[in-house]
$ cat target.cif   # mmCIF, C-alpha atoms and all ligand atoms
data_start
loop_
_atom_site.label_atom_id
_atom_site.label_comp_id
_atom_site.auth_asym_id
_atom_site.auth_seq_id
_atom_site.Cartn_x
_atom_site.Cartn_y
_atom_site.Cartn_z
CA MET A 22 20.29 -12.27 -18.80
CA GLU A 23 19.51 -13.59 -15.33
CA LYS A 24 16.11 -12.39 -14.09
CA ILE A 25 15.56 -10.93 -10.64
CA ILE A 26 12.68 -9.85 -8.39
CA ILE A 27 12.14 -6.13 -7.87
CA ALA A 28 10.07 -5.26 -4.79
CA ILE A 29 8.57 -1.78 -4.56
CA ASP A 30 6.87 -0.83 -1.30
CA GLY A 31 5.66 2.43 0.14
CA PRO A 32 2.61 4.41 1.28
CA ALA A 33 -0.51 5.09 -0.80
CA GLY A 34 -0.13 7.58 -3.62
CA ALA A 35 3.69 7.73 -3.64
CA GLY A 36 3.74 6.81 -7.33
CA LYS A 37 4.70 3.16 -6.84
CA SER A 38 2.37 1.68 -9.42
CA THR A 39 3.15 4.14 -12.23
CA ILE A 40 6.88 3.78 -11.64
CA ALA A 41 6.67 -0.01 -11.32
CA LYS A 42 4.57 -0.31 -14.49
CA LYS A 43 6.99 1.83 -16.54
CA LEU A 44 10.03 0.03 -15.18
CA ALA A 45 8.50 -3.38 -15.94
CA SER A 46 7.76 -2.41 -19.52
CA LEU A 47 11.27 -0.95 -19.94
CA ILE A 48 13.00 -4.16 -18.86
CA ASP A 49 10.32 -6.51 -20.19
CA TYR A 50 9.29 -7.84 -16.78
CA ILE A 51 5.81 -8.73 -15.51
CA TYR A 52 4.20 -6.03 -13.35
CA ILE A 53 2.03 -7.06 -10.39
CA ASP A 54 0.00 -4.49 -8.45
CA THR A 55 -0.69 -6.33 -5.18
CA GLY A 56 -2.83 -3.44 -3.87
CA ALA A 57 -5.24 -4.21 -6.72
CA MET A 58 -5.58 -7.76 -5.35
CA TYR A 59 -6.62 -6.48 -1.88
CA ARG A 60 -8.92 -4.00 -3.59
CA ALA A 61 -10.56 -6.70 -5.74
CA ILE A 62 -11.34 -8.82 -2.66
CA THR A 63 -12.71 -5.75 -0.87
CA TYR A 64 -14.90 -4.90 -3.86
CA LYS A 65 -16.25 -8.46 -4.06
CA ALA A 66 -17.04 -8.60 -0.33
CA LEU A 67 -18.84 -5.23 -0.40
CA SER A 68 -20.81 -6.19 -3.53
CA ASN A 69 -21.91 -9.47 -1.93
CA ASN A 70 -22.66 -8.01 1.51
CA ILE A 71 -20.03 -10.16 3.19
CA ASP A 72 -18.92 -9.06 6.65
CA ILE A 73 -15.43 -7.66 6.08
CA TYR A 74 -14.59 -8.17 9.76
CA ASN A 75 -15.17 -11.94 9.53
CA ASP A 76 -11.75 -13.51 9.01
CA VAL A 77 -13.11 -16.98 8.13
CA LEU A 78 -15.65 -15.80 5.55
CA MET A 79 -13.19 -13.38 4.01
CA GLY A 80 -10.53 -16.09 3.77
CA GLN A 81 -12.99 -18.38 1.98
CA LEU A 82 -13.98 -15.60 -0.39
CA THR A 83 -10.30 -14.96 -1.22
CA ILE A 84 -9.57 -18.64 -1.91
CA GLU A 85 -12.61 -18.84 -4.21
CA SER A 86 -11.66 -15.71 -6.16
CA VAL A 87 -9.62 -15.63 -9.34
CA ILE A 88 -7.66 -12.41 -9.80
CA GLU A 89 -5.82 -11.92 -13.07
CA PHE A 90 -3.82 -9.13 -14.67
CA ASN A 91 -4.34 -8.74 -18.38
CA SER A 92 -2.67 -5.85 -20.26
CA ASN A 93 -3.20 -3.24 -17.53
CA LYS A 94 -6.65 -4.58 -16.67
CA VAL A 95 -7.59 -6.24 -13.40
CA LEU A 96 -9.96 -9.18 -13.84
CA LEU A 97 -11.94 -10.60 -10.94
CA ASP A 98 -13.56 -13.95 -11.75
CA GLY A 99 -13.30 -12.95 -15.40
CA GLU A 100 -14.95 -9.52 -14.93
CA ASP A 101 -13.04 -6.31 -15.66
CA VAL A 102 -13.01 -4.45 -12.31
CA THR A 103 -10.12 -2.06 -13.08
CA ARG A 104 -12.15 1.09 -12.41
CA LYS A 105 -14.57 -0.31 -9.85
CA ILE A 106 -11.77 -1.18 -7.39
CA ARG A 107 -10.70 2.51 -7.25
CA GLY A 108 -14.05 3.78 -5.90
CA LYS A 109 -14.62 5.57 -2.59
CA ARG A 110 -16.18 2.58 -0.80
CA VAL A 111 -13.26 0.34 -1.67
CA ASN A 112 -10.78 3.08 -0.61
CA GLN A 113 -12.48 3.35 2.76
CA ASN A 114 -12.63 -0.40 3.46
CA VAL A 115 -9.50 -1.88 1.89
CA SER A 116 -7.29 -1.23 4.93
CA GLN A 117 -9.63 -3.32 7.08
CA VAL A 118 -9.66 -6.17 4.55
CA SER A 119 -5.89 -6.12 4.15
CA ALA A 120 -5.49 -6.40 7.94
CA LEU A 121 -7.07 -9.90 7.92
CA LEU A 122 -4.68 -12.83 8.32
CA SER A 123 -6.76 -15.21 6.17
CA VAL A 124 -6.87 -12.78 3.25
CA ARG A 125 -3.15 -11.96 3.48
CA LYS A 126 -2.19 -15.62 3.71
CA GLU A 127 -3.97 -16.51 0.49
CA LEU A 128 -2.92 -13.42 -1.47
CA VAL A 129 0.74 -13.74 -0.39
CA HIS A 130 0.60 -17.39 -1.53
CA GLN A 131 -0.70 -16.28 -4.95
CA GLN A 132 1.91 -13.49 -5.18
CA ARG A 133 4.76 -15.91 -4.45
CA LYS A 134 3.45 -18.25 -7.14
CA ILE A 135 3.35 -15.44 -9.70
CA GLY A 136 6.90 -14.37 -8.80
CA SER A 137 8.39 -17.86 -8.61
CA GLU A 138 9.89 -17.58 -12.10
CA LYS A 139 11.38 -14.15 -11.28
CA GLY A 140 11.38 -11.38 -13.92
CA VAL A 141 8.75 -9.54 -11.92
CA VAL A 142 8.26 -6.03 -10.58
CA MET A 143 5.81 -6.24 -7.68
CA ASP A 144 4.47 -3.27 -5.74
CA GLY A 145 2.67 -3.17 -2.41
CA ARG A 146 3.34 -2.73 1.30
CA ASP A 147 5.04 -5.96 2.35
CA ILE A 148 6.77 -7.22 -0.79
CA GLY A 149 10.34 -6.64 0.42
CA THR A 150 9.58 -7.61 4.03
CA VAL A 151 7.23 -10.61 3.75
CA VAL A 152 6.36 -11.76 0.22
CA PHE A 153 9.92 -11.75 -1.19
CA PRO A 154 12.40 -10.97 1.60
CA GLN A 155 15.04 -12.46 -0.75
CA ALA A 156 14.22 -10.00 -3.58
CA GLU A 157 17.43 -8.84 -5.24
CA LEU A 158 16.32 -5.20 -5.51
CA LYS A 159 14.08 -3.50 -2.95
CA LEU A 160 12.80 0.06 -3.08
CA PHE A 161 10.82 2.00 -0.52
CA VAL A 162 9.10 4.70 -2.55
CA THR A 163 7.70 7.65 -0.65
CA ALA A 164 6.64 11.32 -1.01
CA SER A 165 5.17 13.99 1.26
CA VAL A 166 1.47 13.55 2.16
CA HIS A 167 0.60 16.81 0.47
CA GLU A 168 2.33 15.80 -2.77
CA ARG A 169 0.69 12.37 -2.72
CA ALA A 170 -2.76 13.90 -2.21
CA GLN A 171 -2.14 16.43 -4.97
CA ARG A 172 -1.20 13.66 -7.43
CA ARG A 173 -4.29 11.60 -6.57
CA TYR A 174 -6.47 14.70 -6.96
CA GLU A 175 -5.03 15.45 -10.40
CA GLU A 176 -5.67 11.84 -11.46
CA LYS A 177 -9.30 12.18 -10.31
CA ILE A 178 -9.74 15.40 -12.26
CA LYS A 179 -8.36 13.71 -15.38
CA GLU A 180 -10.92 10.93 -14.93
CA SER A 181 -13.62 13.62 -14.41
CA ALA A 182 -14.31 12.11 -10.99
CA THR A 183 -15.07 15.28 -9.02
CA ASP A 184 -16.81 13.62 -6.07
CA ILE A 185 -13.90 14.35 -3.73
CA THR A 186 -11.88 17.42 -2.68
CA LEU A 187 -8.09 17.69 -2.29
CA GLN A 188 -8.52 18.01 1.47
CA GLU A 189 -10.68 14.86 1.63
CA ILE A 190 -8.06 12.93 -0.33
CA GLU A 191 -5.32 14.13 2.02
CA GLU A 192 -7.35 13.12 5.07
CA GLU A 193 -8.13 9.70 3.54
CA LEU A 194 -4.42 9.14 2.82
CA ILE A 195 -3.39 10.03 6.38
CA ILE A 196 -5.96 7.59 7.80
CA ARG A 197 -4.90 4.83 5.40
CA ASP A 198 -1.17 5.38 6.12
CA GLU A 199 -1.87 5.14 9.83
CA LYS A 200 -3.92 1.92 9.45
CA ASP A 201 -1.44 0.31 7.03
CA SER A 202 1.56 1.12 9.24
CA SER A 203 0.07 0.17 12.58
CA ARG A 204 -1.73 -3.10 11.79
CA ALA A 205 -0.51 -6.21 13.59
CA ILE A 206 0.12 -8.38 10.51
CA SER A 207 2.70 -7.34 7.89
CA PRO A 208 2.48 -3.58 8.48
CA LEU A 209 3.87 -1.12 5.96
CA LYS A 210 7.53 -0.95 6.92
CA LYS A 211 10.76 -0.33 5.07
CA ALA A 212 12.84 -3.50 4.73
CA ASN A 213 16.31 -3.06 6.28
CA ASP A 214 17.96 -3.56 2.92
CA ALA A 215 15.52 -1.40 0.89
CA ILE A 216 16.67 1.76 -0.87
CA ILE A 217 14.56 4.81 -0.01
CA LEU A 218 13.35 6.82 -2.99
CA ASP A 219 11.62 10.09 -2.10
CA THR A 220 9.71 11.13 -5.23
CA THR A 221 8.34 14.44 -3.85
CA ASN A 222 10.50 16.47 -6.21
CA LEU A 223 11.06 13.91 -8.94
CA THR A 224 9.22 13.35 -12.21
CA GLN A 225 8.05 9.80 -12.99
CA GLU A 226 10.77 9.50 -15.63
CA GLU A 227 13.46 10.53 -13.11
CA SER A 228 12.20 7.99 -10.58
CA VAL A 229 12.10 5.20 -13.17
CA ASN A 230 15.61 6.11 -14.31
CA ILE A 231 17.01 5.94 -10.79
CA ILE A 232 15.60 2.44 -10.25
CA TYR A 233 16.63 1.36 -13.76
CA ASN A 234 20.23 2.30 -12.96
CA TYR A 235 20.17 0.26 -9.76
CA TYR A 236 18.76 -2.64 -11.78
CA LEU A 237 21.48 -2.34 -14.45
CA LYS A 238 24.28 -2.32 -11.88
CA LEU A 239 22.83 -5.36 -10.19
CA VAL A 240 22.33 -7.50 -13.28
CA GLN A 241 25.76 -6.50 -14.60
CA VAL A 242 27.38 -7.73 -11.39
CA LYS A 243 25.28 -10.93 -11.54
CA ASN A 244 26.30 -11.61 -15.13
CA ASP A 245 30.02 -10.85 -14.65
O1 LIG B 301 -1.53 0.32 -3.23
P1 LIG B 301 -3.03 0.53 -2.96
O2 LIG B 301 -3.34 1.86 -2.36
O3 LIG B 301 -3.86 0.23 -4.15
O4 LIG B 301 -3.37 -0.58 -1.85
C1 LIG B 301 -4.65 -0.73 -1.32
C2 LIG B 301 -4.59 -1.21 0.12
O5 LIG B 301 -4.13 -2.55 0.15
C3 LIG B 301 -3.70 -0.41 1.05
O6 LIG B 301 -4.48 0.37 1.92
C4 LIG B 301 -2.90 -1.42 1.82
C5 LIG B 301 -3.23 -2.75 1.22
N1 LIG B 301 -2.06 -3.47 0.72
C6 LIG B 301 -1.42 -4.32 1.60
O7 LIG B 301 -1.78 -4.39 2.76
N2 LIG B 301 -0.39 -5.08 1.16
C7 LIG B 301 0.03 -5.00 -0.10
N3 LIG B 301 1.05 -5.76 -0.51
C8 LIG B 301 -0.59 -4.11 -1.01
C9 LIG B 301 -1.64 -3.34 -0.55
#
$ encode --input "target.cif" --output "structure tokens" --more "lines below"
Ligand code: DC
Amino acid sequence: MEKIIIAIDGPAGAGKSTIAKKLASLIDYIYIDTGAMYRAITYKALSNNIDIYNDVLMGQLTIESVIEFNSNKVLLDGEDVTRKIRGKRVNQNVSQVSALLSVRKELVHQQRKIGSEKGVVMDGRDIGTVVFPQAELKLFVTASVHERAQRRYEEKIKESATDITLQEIEEELIIRDEKDSSRAISPLKKANDAIILDTTNLTQEESVNIIYNYYLKLVQVKND
């Protein structure tokens, strides 16, 4: 069957990554979490005391870094950073790092390389608008701020990470949404041809099913 590119964009905490991961495993596609790539670079810069406002230094750091995805783990220069890139400091600084042209240029280049063979589900903020504007299937996944904060909070409780309150999470999300949507380069924006999926009142299974049905229709038409 002919393979396609599925682009899933949307604000933080809308459920993109869980949905994308499940969909990819269902249709045997590769899943790429591009937010994890921006997070890995942020984590590395913070750990090495690199000025995250310096576009040149940050660009160099990105070019020198090797980010890999290995069975649900994120590896940075060979080190498993899956959990470390979800910490508070990374959350608070990743929007700044992802606003840098040099960092975006290099990561977009790597993302295009990964997706060049198709058969990929990629989630992020600019996949349908910038990375793969030619993607065959584009989704803009969203949910109310309150619902998104609630989901993040429940995840944190499951991980026994009780260093943050529901209100703090909601405030952090609002700030990040604002920064991601208003930045000059590749802001979070729905592609004109993306399908909006509001997951506020949907279970993960329902959301995956909706996208799966779009996928089926599309590949059936392509193979007719
Ligand atoms: O999806 P996430 O919350 O893990 O993403 C972390 C940050 O990375 C988010 O604040 C915006 C940025 N990002 C981006 O600018 N472009 C992408 N394709 C993916 C993420």
$ residues_around --input "target.cif" --residues "Lys159 in chain A" --least-positions-apart "4" --cutoff "8 Å" --atoms "all atoms listed in the file" --output "NGL selection string"
:A and (27-30 or 149 or 212 or 214-216)
$ write_last_selection --input "target.cif" --atoms "C-alpha atoms" --output "mmCIF file, in the coordinates of the input"
data_model
loop_
_atom_site.group_PDB
_atom_site.id
_atom_site.type_symbol
_atom_site.label_atom_id
_atom_site.label_comp_id
_atom_site.auth_asym_id
_atom_site.auth_seq_id
_atom_site.Cartn_x
_atom_site.Cartn_y
_atom_site.Cartn_z
ATOM 1 C CA ILE A 27 12.140 -6.130 -7.870
ATOM 2 C CA ALA A 28 10.070 -5.260 -4.790
ATOM 3 C CA ILE A 29 8.570 -1.780 -4.560
ATOM 4 C CA ASP A 30 6.870 -0.830 -1.300
ATOM 5 C CA GLY A 149 10.340 -6.640 0.420
ATOM 6 C CA ALA A 212 12.840 -3.500 4.730
ATOM 7 C CA ASP A 214 17.960 -3.560 2.920
ATOM 8 C CA ALA A 215 15.520 -1.400 0.890
ATOM 9 C CA ILE A 216 16.670 1.760 -0.870
#
$ closest_residue --input "target.cif" --among "A:Leu44, A:Val87, A:Val152, A:Leu121" --to "Lys134 in chain A" --atoms "all atoms listed in the file"
A:Val152
$ residues_around --input "target.cif" --residues "range 67-73 of chain A" --least-positions-apart "2" --cutoff "12 Å" --atoms "only C-alpha atoms" --output "short mmCIF file (atom, residue, chain, number, x, y, z; two decimals) with C-alpha atoms, in the coordinates of the input"
data_model
loop_
_atom_site.label_atom_id
_atom_site.label_comp_id
_atom_site.auth_asym_id
_atom_site.auth_seq_id
_atom_site.Cartn_x
_atom_site.Cartn_y
_atom_site.Cartn_z
CA TYR A 59 -6.62 -6.48 -1.88
CA ARG A 60 -8.92 -4.00 -3.59
CA ALA A 61 -10.56 -6.70 -5.74
CA ILE A 62 -11.34 -8.82 -2.66
CA THR A 63 -12.71 -5.75 -0.87
CA TYR A 64 -14.90 -4.90 -3.86
CA LYS A 65 -16.25 -8.46 -4.06
CA ASN A 75 -15.17 -11.94 9.53
CA ASP A 76 -11.75 -13.51 9.01
CA VAL A 77 -13.11 -16.98 8.13
CA LEU A 78 -15.65 -15.80 5.55
CA MET A 79 -13.19 -13.38 4.01
CA GLY A 80 -10.53 -16.09 3.77
CA GLN A 81 -12.99 -18.38 1.98
CA LEU A 82 -13.98 -15.60 -0.39
CA THR A 83 -10.30 -14.96 -1.22
CA VAL A 102 -13.01 -4.45 -12.31
CA LYS A 105 -14.57 -0.31 -9.85
CA ILE A 106 -11.77 -1.18 -7.39
CA GLY A 108 -14.05 3.78 -5.90
CA LYS A 109 -14.62 5.57 -2.59
CA ARG A 110 -16.18 2.58 -0.80
CA VAL A 111 -13.26 0.34 -1.67
CA ASN A 112 -10.78 3.08 -0.61
CA GLN A 113 -12.48 3.35 2.76
CA ASN A 114 -12.63 -0.40 3.46
CA VAL A 115 -9.50 -1.88 1.89
CA SER A 116 -7.29 -1.23 4.93
CA GLN A 117 -9.63 -3.32 7.08
CA VAL A 118 -9.66 -6.17 4.55
CA SER A 119 -5.89 -6.12 4.15
CA ALA A 120 -5.49 -6.40 7.94
CA LEU A 121 -7.07 -9.90 7.92
CA SER A 123 -6.76 -15.21 6.17
CA VAL A 124 -6.87 -12.78 3.25
#
$ closest_residue --input "target.cif" --among "A:Leu187, A:Leu194, A:Ile40, A:Ile48" --to "ligand LIG 301 (chain B)" --atoms "all atoms listed in the file"
A:Leu194
$ closest_residue --input "target.cif" --among "A:Leu158, A:Ile195, A:Leu223, A:Val141" --to "ligand LIG 301 (chain B)" --atoms "only C-alpha atoms and all ligand atoms"
A:Ile195
$ closest_residue --input "target.cif" --among "A:Ile217, A:Ala205, A:Ile178, A:Ala156" --to "ligand LIG 301 (chain B)" --atoms "all atoms listed in the file"
A:Ala205
$ atom_distance --input "target.cif" --atom1 "CA of Ser92 in chain A" --atom2 "CA of Tyr50 in chain A"
12.6 Å
$ closest_residue --input "target.cif" --among "A:Gly99, A:Gly56, A:Gly140, A:Gly34" --to "ligand LIG 301 (chain B)" --atoms "all atoms listed in the file"
A:Gly56
$ closest_residue --input "target.cif" --among "A:Glu227, A:Pro208, A:Arg104, A:Tyr233" --to "Ser46 in chain A" --atoms "all atoms listed in the file"
A:Tyr233
$ residues_near_point --input "target.cif" --point "(2.2, 9.5, -2.6)" --cutoff "10 Å" --atoms "only C-alpha atoms" --output "NGL selection string"
:A and (31-37 or 162-173 or 191 or 194 or 219-221)
$ atom_distance --input "target.cif" --atom1 "atom N3 of ligand LIG 301 (chain B)" --atom2 "CA of Gln155 in chain A"
15.5 Å
$ atom_distance --input "target.cif" --atom1 "atom N2 of ligand LIG 301 (chain B)" --atom2 "CA of Met143 in chain A"
10.9 Å
$ residues_around --input "target.cif" --residues "Leu237 in chain A" --least-positions-apart "6" --cutoff "12 Å" --atoms "only C-alpha atoms" --output "compact mmCIF listing (two decimals) with C-alpha atoms, in the frame of the given file"
# COMPACT_ATOMS: atom_id res chain seq x y z
CA MET A 22 20.29 -12.27 -18.80
CA GLU A 23 19.51 -13.59 -15.33
CA LYS A 24 16.11 -12.39 -14.09
CA ILE A 25 15.56 -10.93 -10.64
CA LEU A 44 10.03 0.03 -15.18
CA LEU A 47 11.27 -0.95 -19.94
CA ILE A 48 13.00 -4.16 -18.86
CA GLU A 157 17.43 -8.84 -5.24
CA LEU A 158 16.32 -5.20 -5.51
CA ASN A 230 15.61 6.11 -14.31
CA ILE A 231 17.01 5.94 -10.79
CA LYS A 243 25.28 -10.93 -11.54
CA ASN A 244 26.30 -11.61 -15.13
$ build_atoms --input "target.cif" --residues "range 103-114 of chain A" --atoms "all heavy atoms" --output "PDB file, in the coordinates of the input"
ATOM      1  N   THR A 103     -11.210  -3.047 -13.162  1.00  0.00           N
ATOM      2  CA  THR A 103     -10.120  -2.060 -13.080  1.00  0.00           C
ATOM      3  C   THR A 103     -10.568  -0.738 -12.454  1.00  0.00           C
ATOM      4  O   THR A 103      -9.899  -0.198 -11.575  1.00  0.00           O
ATOM      5  CB  THR A 103      -9.542  -1.801 -14.492  1.00  0.00           C
ATOM      6  OG1 THR A 103      -9.436  -3.052 -15.161  1.00  0.00           O
ATOM      7  CG2 THR A 103      -8.182  -1.126 -14.420  1.00  0.00           C
ATOM      8  N   ARG A 104     -11.686  -0.214 -12.918  1.00  0.00           N
ATOM      9  CA  ARG A 104     -12.150   1.090 -12.410  1.00  0.00           C
ATOM     10  C   ARG A 104     -12.909   0.932 -11.101  1.00  0.00           C
ATOM     11  O   ARG A 104     -12.766   1.737 -10.188  1.00  0.00           O
ATOM     12  CB  ARG A 104     -13.053   1.754 -13.458  1.00  0.00           C
ATOM     13  CG  ARG A 104     -12.252   2.398 -14.589  1.00  0.00           C
ATOM     14  CD  ARG A 104     -13.180   3.073 -15.557  1.00  0.00           C
ATOM     15  NE  ARG A 104     -13.729   4.318 -14.999  1.00  0.00           N
ATOM     16  CZ  ARG A 104     -13.135   5.506 -15.115  1.00  0.00           C
ATOM     17  NH1 ARG A 104     -12.005   5.610 -15.762  1.00  0.00           N
ATOM     18  NH2 ARG A 104     -13.685   6.591 -14.598  1.00  0.00           N
ATOM     19  N   LYS A 105     -13.699  -0.127 -11.031  1.00  0.00           N
ATOM     20  CA  LYS A 105     -14.570  -0.310  -9.850  1.00  0.00           C
ATOM     21  C   LYS A 105     -13.762  -0.422  -8.549  1.00  0.00           C
ATOM     22  O   LYS A 105     -14.231  -0.027  -7.492  1.00  0.00           O
ATOM     23  CB  LYS A 105     -15.431  -1.567 -10.019  1.00  0.00           C
ATOM     24  CG  LYS A 105     -16.486  -1.401 -11.097  1.00  0.00           C
ATOM     25  CD  LYS A 105     -17.239  -2.682 -11.288  1.00  0.00           C
ATOM     26  CE  LYS A 105     -18.250  -2.541 -12.428  1.00  0.00           C
ATOM     27  NZ  LYS A 105     -18.607  -3.851 -12.981  1.00  0.00           N
ATOM     28  N   ILE A 106     -12.553  -0.981  -8.629  1.00  0.00           N
ATOM     29  CA  ILE A 106     -11.770  -1.180  -7.390  1.00  0.00           C
ATOM     30  C   ILE A 106     -11.098   0.106  -6.912  1.00  0.00           C
ATOM     31  O   ILE A 106     -10.404   0.103  -5.905  1.00  0.00           O
ATOM     32  CB  ILE A 106     -10.725  -2.315  -7.540  1.00  0.00           C
ATOM     33  CG1 ILE A 106      -9.714  -2.001  -8.653  1.00  0.00           C
ATOM     34  CG2 ILE A 106     -11.406  -3.654  -7.784  1.00  0.00           C
ATOM     35  CD1 ILE A 106      -8.517  -2.958  -8.672  1.00  0.00           C
ATOM     36  N   ARG A 107     -11.304   1.217  -7.646  1.00  0.00           N
ATOM     37  CA  ARG A 107     -10.700   2.510  -7.250  1.00  0.00           C
ATOM     38  C   ARG A 107     -11.742   3.436  -6.633  1.00  0.00           C
ATOM     39  O   ARG A 107     -11.473   4.606  -6.394  1.00  0.00           O
ATOM     40  CB  ARG A 107     -10.062   3.219  -8.442  1.00  0.00           C
ATOM     41  CG  ARG A 107      -9.080   2.376  -9.210  1.00  0.00           C
ATOM     42  CD  ARG A 107      -7.687   2.405  -8.628  1.00  0.00           C
ATOM     43  NE  ARG A 107      -6.939   1.224  -9.035  1.00  0.00           N
ATOM     44  CZ  ARG A 107      -5.896   0.727  -8.411  1.00  0.00           C
ATOM     45  NH1 ARG A 107      -5.444   1.293  -7.325  1.00  0.00           N
ATOM     46  NH2 ARG A 107      -5.290  -0.348  -8.841  1.00  0.00           N
ATOM     47  N   GLY A 108     -12.969   2.938  -6.431  1.00  0.00           N
ATOM     48  CA  GLY A 108     -14.050   3.780  -5.900  1.00  0.00           C
ATOM     49  C   GLY A 108     -13.875   4.104  -4.417  1.00  0.00           C
ATOM     50  O   GLY A 108     -13.040   3.513  -3.728  1.00  0.00           O
ATOM     51  N   LYS A 109     -14.714   5.067  -3.965  1.00  0.00           N
ATOM     52  CA  LYS A 109     -14.620   5.570  -2.590  1.00  0.00           C
ATOM     53  C   LYS A 109     -14.841   4.473  -1.541  1.00  0.00           C
ATOM     54  O   LYS A 109     -14.124   4.390  -0.548  1.00  0.00           O
ATOM     55  CB  LYS A 109     -15.671   6.669  -2.432  1.00  0.00           C
ATOM     56  CG  LYS A 109     -15.367   7.666  -1.359  1.00  0.00           C
ATOM     57  CD  LYS A 109     -16.321   8.836  -1.482  1.00  0.00           C
ATOM     58  CE  LYS A 109     -16.148   9.785  -0.318  1.00  0.00           C
ATOM     59  NZ  LYS A 109     -16.927  11.018  -0.517  1.00  0.00           N
ATOM     60  N   ARG A 110     -15.852   3.619  -1.800  1.00  0.00           N
ATOM     61  CA  ARG A 110     -16.180   2.580  -0.800  1.00  0.00           C
ATOM     62  C   ARG A 110     -15.028   1.602  -0.627  1.00  0.00           C
ATOM     63  O   ARG A 110     -14.703   1.173   0.478  1.00  0.00           O
ATOM     64  CB  ARG A 110     -17.439   1.809  -1.206  1.00  0.00           C
ATOM     65  CG  ARG A 110     -18.698   2.456  -0.695  1.00  0.00           C
ATOM     66  CD  ARG A 110     -19.864   1.527  -0.819  1.00  0.00           C
ATOM     67  NE  ARG A 110     -20.042   0.659   0.336  1.00  0.00           N
ATOM     68  CZ  ARG A 110     -20.663  -0.517   0.280  1.00  0.00           C
ATOM     69  NH1 ARG A 110     -21.136  -0.965  -0.853  1.00  0.00           N
ATOM     70  NH2 ARG A 110     -20.799  -1.245   1.375  1.00  0.00           N
ATOM     71  N   VAL A 111     -14.406   1.253  -1.743  1.00  0.00           N
ATOM     72  CA  VAL A 111     -13.260   0.340  -1.670  1.00  0.00           C
ATOM     73  C   VAL A 111     -12.113   1.050  -0.934  1.00  0.00           C
ATOM     74  O   VAL A 111     -11.497   0.486  -0.026  1.00  0.00           O
ATOM     75  CB  VAL A 111     -12.830  -0.154  -3.070  1.00  0.00           C
ATOM     76  CG1 VAL A 111     -11.524  -0.944  -2.986  1.00  0.00           C
ATOM     77  CG2 VAL A 111     -13.924  -1.010  -3.698  1.00  0.00           C
ATOM     78  N   ASN A 112     -11.848   2.320  -1.293  1.00  0.00           N
ATOM     79  CA  ASN A 112     -10.780   3.080  -0.610  1.00  0.00           C
ATOM     80  C   ASN A 112     -10.974   3.059   0.902  1.00  0.00           C
ATOM     81  O   ASN A 112     -10.026   2.929   1.663  1.00  0.00           O
ATOM     82  CB  ASN A 112     -10.816   4.555  -1.032  1.00  0.00           C
ATOM     83  CG  ASN A 112     -10.184   4.762  -2.388  1.00  0.00           C
ATOM     84  OD1 ASN A 112      -9.477   3.896  -2.884  1.00  0.00           O
ATOM     85  ND2 ASN A 112     -10.442   5.899  -2.991  1.00  0.00           N
ATOM     86  N   GLN A 113     -12.225   3.225   1.328  1.00  0.00           N
ATOM     87  CA  GLN A 113     -12.480   3.350   2.760  1.00  0.00           C
ATOM     88  C   GLN A 113     -12.439   2.014   3.507  1.00  0.00           C
ATOM     89  O   GLN A 113     -12.319   1.985   4.718  1.00  0.00           O
ATOM     90  CB  GLN A 113     -13.842   4.011   2.983  1.00  0.00           C
ATOM     91  CG  GLN A 113     -13.783   5.490   2.663  1.00  0.00           C
ATOM     92  CD  GLN A 113     -15.153   6.133   2.554  1.00  0.00           C
ATOM     93  OE1 GLN A 113     -16.173   5.435   2.448  1.00  0.00           O
ATOM     94  NE2 GLN A 113     -15.194   7.452   2.564  1.00  0.00           N
ATOM     95  N   ASN A 114     -12.549   0.900   2.782  1.00  0.00           N
ATOM     96  CA  ASN A 114     -12.630  -0.400   3.460  1.00  0.00           C
ATOM     97  C   ASN A 114     -11.439  -1.323   3.221  1.00  0.00           C
ATOM     98  O   ASN A 114     -11.299  -2.335   3.898  1.00  0.00           O
ATOM     99  CB  ASN A 114     -13.916  -1.123   3.054  1.00  0.00           C
ATOM    100  CG  ASN A 114     -15.140  -0.422   3.619  1.00  0.00           C
ATOM    101  OD1 ASN A 114     -15.415  -0.521   4.805  1.00  0.00           O
ATOM    102  ND2 ASN A 114     -15.852   0.318   2.783  1.00  0.00           N
TER     103      ASN A 114
END
